[in-house]
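Content type mmCIF, C-alpha atoms, from the file target.cif:
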data_data
loop_
_atom_site.group_PDB
_atom_site.id
_atom_site.type_symbol
_atom_site.label_atom_id
_atom_site.label_comp_id
_atom_site.auth_asym_id
_atom_site.auth_seq_id
_atom_site.Cartn_x
_atom_site.Cartn_y
_atom_site.Cartn_z
ATOM 1 C CA MET A 1 177.375 10.587 104.055
ATOM 2 C CA ALA A 2 177.247 8.045 101.202
ATOM 3 C CA THR A 3 175.612 4.872 102.550
ATOM 4 C CA ASP A 4 174.614 3.138 99.305
ATOM 5 C CA PRO A 5 176.833 1.387 96.723
ATOM 6 C CA LEU A 6 175.523 3.664 93.955
ATOM 7 C CA LEU A 7 176.616 6.749 95.902
ATOM 8 C CA ARG A 8 180.391 7.187 95.951
ATOM 9 C CA GLN A 9 181.857 9.971 98.021
ATOM 10 C CA GLY A 10 185.120 11.537 96.929
ATOM 11 C CA PRO A 11 187.116 14.469 98.266
ATOM 12 C CA ASP A 12 185.305 17.008 96.093
ATOM 13 C CA SER A 13 181.942 15.476 95.242
ATOM 14 C CA THR A 14 179.455 12.715 95.904
ATOM 15 C CA ASP A 15 178.634 10.810 92.712
ATOM 16 C CA LEU A 16 175.475 8.895 91.946
ATOM 17 C CA VAL A 17 176.967 6.285 89.601
ATOM 18 C CA LEU A 18 174.423 4.866 87.168
ATOM 19 C CA ARG A 19 176.628 3.357 84.471
ATOM 20 C CA ALA A 20 180.290 2.462 84.615
ATOM 21 C CA GLY A 21 182.895 3.844 82.255
ATOM 22 C CA PRO A 22 184.670 7.109 81.484
ATOM 23 C CA ALA A 23 182.998 9.948 79.612
ATOM 24 C CA GLY A 24 184.124 11.975 76.635
ATOM 25 C CA ARG A 25 183.485 12.407 72.926
ATOM 26 C CA VAL A 26 186.457 10.271 71.890
ATOM 27 C CA TRP A 27 185.573 7.502 74.322
ATOM 28 C CA ASN A 28 181.928 7.608 73.225
ATOM 29 C CA ALA A 29 183.001 7.250 69.591
ATOM 30 C CA LEU A 30 185.280 4.308 70.438
ATOM 31 C CA ILE A 31 182.579 2.537 72.446
ATOM 32 C CA SER A 32 180.146 2.925 69.533
ATOM 33 C CA MET A 33 182.507 1.252 67.053
ATOM 34 C CA GLY A 34 181.576 -2.267 68.152
ATOM 35 C CA PRO A 35 177.772 -1.935 68.161
ATOM 36 C CA ALA A 36 177.939 -0.170 64.785
ATOM 37 C CA LEU A 37 179.018 -3.506 63.253
ATOM 38 C CA PHE A 38 175.424 -4.663 63.596
ATOM 39 C CA VAL A 39 174.178 -1.904 61.296
ATOM 40 C CA PRO A 40 175.146 -3.747 58.074
ATOM 41 C CA LEU A 41 173.478 -6.854 59.494
ATOM 42 C CA ALA A 42 170.288 -4.927 60.254
ATOM 43 C CA LEU A 43 170.283 -3.557 56.702
ATOM 44 C CA GLY A 44 171.318 -6.883 55.224
ATOM 45 C CA ALA A 45 168.001 -7.393 53.412
ATOM 46 C CA LEU A 46 168.537 -4.238 51.366
ATOM 47 C CA THR A 47 172.086 -5.246 50.518
ATOM 48 C CA LEU A 48 170.891 -8.719 49.550
ATOM 49 C CA VAL A 49 168.320 -7.224 47.164
ATOM 50 C CA VAL A 50 171.054 -5.213 45.434
ATOM 51 C CA ALA A 51 173.296 -8.283 45.192
ATOM 52 C CA LEU A 52 170.460 -10.421 43.783
ATOM 53 C CA TRP A 53 169.535 -7.763 41.238
ATOM 54 C CA MET A 54 173.146 -7.542 40.055
ATOM 55 C CA ALA A 55 173.420 -11.325 39.838
ATOM 56 C CA LEU A 56 170.253 -11.563 37.750
ATOM 57 C CA ALA A 57 171.584 -8.797 35.525
ATOM 58 C CA GLY A 58 174.588 -10.981 34.728
ATOM 59 C CA VAL A 59 177.217 -9.046 36.689
ATOM 60 C CA ARG A 60 180.315 -11.091 37.547
ATOM 61 C CA ALA A 61 180.458 -12.535 41.058
ATOM 62 C CA SER A 62 183.672 -10.694 41.892
ATOM 63 C CA THR A 63 182.039 -7.363 41.042
ATOM 64 C CA VAL A 64 178.980 -8.247 43.142
ATOM 65 C CA PHE A 65 181.212 -9.004 46.118
ATOM 66 C CA VAL A 66 183.019 -5.684 45.744
ATOM 67 C CA VAL A 67 179.769 -3.711 45.513
ATOM 68 C CA VAL A 68 178.288 -5.542 48.506
ATOM 69 C CA GLY A 69 181.454 -4.811 50.476
ATOM 70 C CA VAL A 70 181.304 -1.126 49.584
ATOM 71 C CA ILE A 71 177.629 -0.932 50.585
ATOM 72 C CA ALA A 72 178.321 -2.673 53.905
ATOM 73 C CA GLY A 73 181.219 -0.289 54.556
ATOM 74 C CA LEU A 74 179.052 2.743 53.858
ATOM 75 C CA GLU A 75 176.328 1.378 56.128
ATOM 76 C CA TYR A 76 178.911 0.992 58.876
ATOM 77 C CA LEU A 77 180.365 4.477 58.357
ATOM 78 C CA ILE A 78 176.872 5.990 58.480
ATOM 79 C CA GLY A 79 175.690 3.869 61.399
ATOM 80 C CA TRP A 80 178.733 4.587 63.550
ATOM 81 C CA PRO A 81 178.122 8.347 64.082
ATOM 82 C CA VAL A 82 174.361 7.747 64.338
ATOM 83 C CA MET A 83 174.867 5.285 67.188
ATOM 84 C CA ALA A 84 177.464 7.539 68.827
ATOM 85 C CA PHE A 85 175.071 10.479 68.676
ATOM 86 C CA SER A 86 172.187 8.484 70.155
ATOM 87 C CA ARG A 87 174.408 7.263 73.003
ATOM 88 C CA ALA A 88 175.946 10.672 73.658
ATOM 89 C CA ARG A 89 172.992 11.778 75.824
ATOM 90 C CA ASP A 90 173.110 8.711 78.082
ATOM 91 C CA ILE A 91 173.680 9.750 81.699
ATOM 92 C CA LEU A 92 176.566 7.914 83.362
ATOM 93 C CA ARG A 93 176.497 9.625 86.744
ATOM 94 C CA VAL A 94 175.260 12.658 88.650
ATOM 95 C CA GLU A 95 177.884 14.649 90.543
ATOM 96 C CA PHE A 96 176.996 16.659 93.658
ATOM 97 C CA ALA A 97 179.537 19.137 94.998
ATOM 98 C CA PRO A 98 180.862 19.740 97.560
ATOM 99 C CA ALA A 99 180.709 16.227 98.937
ATOM 100 C CA GLY A 100 179.130 16.965 102.320
ATOM 101 C CA VAL A 101 176.286 19.407 101.723
ATOM 102 C CA PRO A 102 176.093 19.897 97.950
ATOM 103 C CA ALA A 103 175.373 23.306 96.474
ATOM 104 C CA SER A 104 175.850 22.305 92.810
ATOM 105 C CA LEU A 105 175.226 19.354 90.545
ATOM 106 C CA ARG A 106 175.981 18.321 87.010
ATOM 107 C CA LEU A 107 175.036 15.427 84.775
ATOM 108 C CA VAL A 108 177.915 13.480 83.279
ATOM 109 C CA ARG A 109 176.861 11.996 79.964
ATOM 110 C CA ALA A 110 178.592 9.566 77.634
ATOM 111 C CA ALA A 111 179.820 12.505 75.535
ATOM 112 C CA GLY A 112 181.071 14.430 78.571
ATOM 113 C CA PRO A 113 179.798 16.469 81.520
ATOM 114 C CA ASP A 114 177.097 19.137 81.355
ATOM 115 C CA VAL A 115 177.556 22.522 83.011
ATOM 116 C CA TRP A 116 177.272 22.866 86.782
ATOM 117 C CA LEU A 117 173.807 23.863 88.040
ATOM 118 C CA PRO A 118 172.615 25.034 91.449
ATOM 119 C CA VAL A 119 171.345 22.075 93.407
ATOM 120 C CA THR A 120 168.130 24.042 93.998
ATOM 121 C CA ASP A 121 167.347 23.505 90.286
ATOM 122 C CA LEU A 122 166.735 19.885 91.206
ATOM 123 C CA ARG A 123 163.142 19.899 92.398
ATOM 124 C CA GLU A 124 162.389 16.203 92.823
ATOM 125 C CA VAL A 125 164.009 12.809 92.544
ATOM 126 C CA TRP A 126 161.663 9.941 91.714
ATOM 127 C CA LEU A 127 162.802 6.374 92.310
ATOM 128 C CA THR A 128 160.548 3.699 90.805
ATOM 129 C CA HIS A 129 161.551 0.180 91.769
ATOM 130 C CA LYS A 130 159.951 -2.381 89.439
ATOM 131 C CA VAL A 131 159.975 -6.061 90.311
ATOM 132 C CA VAL A 132 158.683 -8.717 87.911
ATOM 133 C CA GLU A 133 158.199 -11.908 89.929
ATOM 134 C CA PRO A 134 157.952 -15.441 88.500
ATOM 135 C CA TYR A 135 154.587 -17.151 88.216
ATOM 136 C CA GLN A 136 153.994 -20.379 90.100
ATOM 137 C CA GLY A 137 156.191 -23.051 88.611
ATOM 138 C CA ASP A 138 158.434 -20.593 86.768
ATOM 139 C CA TYR A 139 162.122 -21.335 87.272
ATOM 140 C CA LYS A 140 163.363 -17.970 86.016
ATOM 141 C CA PRO A 141 164.341 -15.559 88.817
ATOM 142 C CA ALA A 142 162.617 -12.271 89.492
ATOM 143 C CA VAL A 143 163.818 -9.268 87.498
ATOM 144 C CA SER A 144 164.435 -5.992 89.336
ATOM 145 C CA THR A 145 164.930 -2.613 87.650
ATOM 146 C CA LEU A 146 165.176 0.934 88.917
ATOM 147 C CA ALA A 147 163.888 4.004 87.091
ATOM 148 C CA LEU A 148 165.454 7.248 88.265
ATOM 149 C CA GLU A 149 163.699 10.458 87.264
ATOM 150 C CA LEU A 150 165.258 13.852 87.921
ATOM 151 C CA VAL A 151 163.011 16.914 87.759
ATOM 152 C CA LEU A 152 165.408 19.714 86.820
ATOM 153 C CA GLY A 153 163.482 22.954 86.461
ATOM 154 C CA GLY A 154 161.038 22.371 83.640
ATOM 155 C CA ALA A 155 162.897 19.366 82.235
ATOM 156 C CA ARG A 156 162.903 15.717 83.214
ATOM 157 C CA GLU A 157 165.740 13.252 82.890
ATOM 158 C CA ARG A 158 164.867 9.575 83.149
ATOM 159 C CA ILE A 159 167.314 6.709 83.507
ATOM 160 C CA GLU A 160 166.454 3.018 83.754
ATOM 161 C CA LEU A 161 168.950 0.413 84.887
ATOM 162 C CA PRO A 162 169.094 -3.115 86.289
ATOM 163 C CA PHE A 163 169.035 -3.005 90.064
ATOM 164 C CA GLY A 164 169.784 -5.628 92.633
ATOM 165 C CA GLY A 165 170.171 -3.474 95.723
ATOM 166 C CA ASP A 166 167.891 -2.045 98.393
ATOM 167 C CA PRO A 167 165.833 0.851 96.972
ATOM 168 C CA ARG A 168 164.909 2.093 100.442
ATOM 169 C CA ARG A 169 168.566 2.363 101.370
ATOM 170 C CA LEU A 170 169.296 4.392 98.235
ATOM 171 C CA ALA A 171 166.291 6.655 98.834
ATOM 172 C CA ASP A 172 167.332 7.290 102.427
ATOM 173 C CA ALA A 173 170.898 8.097 101.341
ATOM 174 C CA LEU A 174 169.636 10.570 98.736
ATOM 175 C CA LYS A 175 167.325 12.178 101.289
ATOM 176 C CA ALA A 176 170.229 12.617 103.694
ATOM 177 C CA LEU A 177 172.356 14.120 100.919
ATOM 178 C CA LEU A 178 169.771 16.367 99.253
ATOM 179 C CA GLY A 179 167.309 17.030 102.048
ATOM 180 C CA PRO A 180 169.171 20.100 103.395
ATOM 181 C CA ALA A 181 168.796 21.688 99.929
ATOM 182 C CA GLY A 182 165.040 21.090 99.972
ATOM 183 C CA VAL A 183 165.088 18.415 97.261
ATOM 184 C CA VAL A 184 162.184 15.966 97.547
ATOM 185 C CA VAL A 185 163.118 12.290 97.145
ATOM 186 C CA LEU A 186 160.207 9.912 96.495
ATOM 187 C CA LEU A 187 160.249 6.132 96.275
ATOM 188 C CA ARG A 188 157.590 3.826 94.921
ATOM 189 C CA THR A 189 157.645 0.096 94.265
ATOM 190 C CA GLU A 190 155.708 -1.639 91.506
ATOM 191 C CA ARG A 191 155.350 -5.412 91.592
ATOM 192 C CA SER A 192 153.940 -7.627 88.887
ATOM 193 C CA THR A 193 153.985 -11.296 87.959
ATOM 194 C CA ARG A 194 155.563 -12.541 84.789
ATOM 195 C CA GLU A 195 152.953 -13.705 82.310
ATOM 196 C CA ARG A 196 152.667 -17.439 81.899
ATOM 197 C CA PRO A 197 153.423 -18.439 78.297
ATOM 198 C CA GLN A 198 150.305 -19.503 76.461
ATOM 199 C CA PRO A 199 150.170 -22.899 74.766
ATOM 200 C CA ASN A 200 150.181 -22.966 70.990
ATOM 201 C CA SER A 201 146.464 -22.430 70.465
ATOM 202 C CA ARG A 202 146.826 -22.817 66.699
ATOM 203 C CA TRP A 203 148.337 -26.267 67.136
ATOM 204 C CA ASN A 204 145.654 -27.278 69.629
ATOM 205 C CA SER A 205 142.809 -26.013 67.468
ATOM 206 C CA GLY A 206 144.261 -27.839 64.486
ATOM 207 C CA GLY A 207 144.458 -31.033 66.476
ATOM 208 C CA SER A 208 140.860 -30.701 67.622
ATOM 209 C CA ALA A 209 139.656 -30.036 64.088
ATOM 210 C CA SER A 210 141.406 -33.163 62.824
ATOM 211 C CA ALA A 211 139.905 -35.278 65.570
ATOM 212 C CA ASN A 212 136.396 -34.026 64.883
ATOM 213 C CA SER A 213 136.671 -34.532 61.140
ATOM 214 C CA GLY A 214 137.966 -38.030 61.698
ATOM 215 C CA GLY A 215 135.024 -38.820 63.949
ATOM 216 C CA GLY A 216 132.528 -37.705 61.264
#
Please lay out the structure from this file as structure tokens.
Amino acid sequence: MATDPLLRQGPDSTDLVLRAGPAGRVWNALISMGPALFVPLALGALTLVVALWMALAGVRASTVFVVVGVIAGLEYLIGWPVMAFSRARDILRVEFAPAGVPASLRLVRAAGPDVWLPVTDLREVWLTHKVVEPYQGDYKPAVSTLALELVLGGARERIELPFGGDPRRLADALKALLGPAGVVVLLRTERSTRERPQPNSRWNSGGSASANSGGG
């Protein structure tokens, strides 16, 4: 049944894999440890103000370093659970069971799987394929992304991810999988051209002004 790389059929379910990696609260916390290191950097201006104030107040350099280290540690310890919580709702995959003609589905998030729902709760699946093409003379390649929107009862779940495959193939595979349950699968493609960078108008206007003044 699965005819697209994003759809992986196992013995018990067919999975729509959106992001790689295992799920679970512990794993989510471990994955968030690395990105949380950037929190002290993002709040570095505030820490620098404290350090400068202490230095101007005549505090010894060793004490300033200790206080700055404590502040950075607290920023990290606060930022870590905040980042883990924000990532916890990220959808990694959608599982449809049984594999052949699914009667149930569940969303598997970074923090772990949701409860199983009847597949009839899934009303629509919207696939929006966005392609940003280079302008004439642009050497950067086109950028392709896929937005997947699941209409589950009165709620909507939206996932955006880089996409280099065939959106029509994925849409057809989802129709074959979910069509017997009456789920509508819709595909639309949006194309645009990357904006050409504008020349530095301030520099040009300054140059023109200098030339005119020199001519006077």
Subject >> Residue neighbourhood A:Pro141, 9 Å, all atoms listed in the file, exclusion window fewer than 4 positions, as a PyMOL selection string >> reply: chain A and resi 132-134
**OP:** Find the residues around A:Gly154 up to 12 Å (all atoms listed in the file counted), leave out those fewer than 2 positions away in its own chain, and share them as a list in words.
**Re:** Asp121, Leu122, Arg123, Glu124, Leu150, Val151, Leu152, Arg156 and Glu157 of chain A
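Residues in contact with A:Phe65 at up to 12 Å, not including ones fewer than 5 positions away on its chain and judged by all atoms listed in the file, are Thr47, Leu48, Val50, Ala51, Leu52, Met54, Ala55, Val59, Arg60, Val70, Ile71 and Ala72 of chain A.
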Selection to disk with C-alpha atoms, as an mmCIF file, in the frame of the given file:
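Written out: selection_11.cif:
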data_model
loop_
_atom_site.group_PDB
_atom_site.id
_atom_site.type_symbol
_atom_site.label_atom_id
_atom_site.label_comp_id
_atom_site.auth_asym_id
_atom_site.auth_seq_id
_atom_site.Cartn_x
_atom_site.Cartn_y
_atom_site.Cartn_z
ATOM 1 C CA THR A 47 172.086 -5.246 50.518
ATOM 2 C CA LEU A 48 170.891 -8.719 49.550
ATOM 3 C CA VAL A 50 171.054 -5.213 45.434
ATOM 4 C CA ALA A 51 173.296 -8.283 45.192
ATOM 5 C CA LEU A 52 170.460 -10.421 43.783
ATOM 6 C CA MET A 54 173.146 -7.542 40.055
ATOM 7 C CA ALA A 55 173.420 -11.325 39.838
ATOM 8 C CA VAL A 59 177.217 -9.046 36.689
ATOM 9 C CA ARG A 60 180.315 -11.091 37.547
ATOM 10 C CA VAL A 70 181.304 -1.126 49.584
ATOM 11 C CA ILE A 71 177.629 -0.932 50.585
ATOM 12 C CA ALA A 72 178.321 -2.673 53.905
#
Subject >> Surrounding residues of A:Gly21 excluding itself and chain neighbours under 3 positions, 12 Å, only C-alpha atoms, as a list in words >> reply: Val17, Leu18, Gly24, Trp27, Asn28, Ile31, Asp90, Ile91, Leu92, Arg93, Val108, Arg109, Ala110, Ala111 and Gly112 of chain A
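The space separating atom CA of A:Ala147 from atom CA of A:Lys175 comes to 16.7 Å.
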Extending 6 Å beyond the listed atoms of stretch 74-88 of chain A on each side, what axis-aligned box results? I want centre and edge lengths in Å to one decimal, as lines of an AutoDock Vina configuration file.
center_x = 176.3
center_y = 5.8
center_z = 63.8
size_x = 20.2
size_y = 21.7
size_z = 31.8
As a CSV table (one decimal) with C-alpha atoms, in the frame of the given file, please: the residues near A:Thr120 (cut-off 12 Å, all atoms listed in the file, same-chain neighbours under 4 positions excluded).
chain,number,residue,atom,x,y,z
A,96,PHE,CA,177.0,16.7,93.7
A,102,PRO,CA,176.1,19.9,98.0
A,103,ALA,CA,175.4,23.3,96.5
A,104,SER,CA,175.8,22.3,92.8
A,105,LEU,CA,175.2,19.4,90.5
A,106,ARG,CA,176.0,18.3,87.0
A,116,TRP,CA,177.3,22.9,86.8
A,124,GLU,CA,162.4,16.2,92.8
A,151,VAL,CA,163.0,16.9,87.8
A,152,LEU,CA,165.4,19.7,86.8
A,153,GLY,CA,163.5,23.0,86.5
A,178,LEU,CA,169.8,16.4,99.3
A,179,GLY,CA,167.3,17.0,102.0
A,180,PRO,CA,169.2,20.1,103.4
A,181,ALA,CA,168.8,21.7,99.9
A,182,GLY,CA,165.0,21.1,100.0
A,183,VAL,CA,165.1,18.4,97.3
A,184,VAL,CA,162.2,16.0,97.5
Original post:
Residues picked by the PyMOL selection byres ((chain A and resi 173) around 10) here, as a VMD selection string?
Top reply: chain A and resid 1 to 4 6 to 7 167 to 172 174 to 179 185
Original post:
Taking into account all atoms listed in the file, which residue in the set A:Leu161, A:Arg196, A:Asp166, A:Gln9 is nearest to A:Val101?
Top reply: A:Gln9
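Going from atom CA of A:Ser13 over to atom CA of A:Gly164, you cover 24.5 Å.
The closest residue to A:Trp80, picked from A:Ser32, A:Ser62, A:Thr128, A:Thr145 and counting all atoms listed in the file, is A:Ser32.
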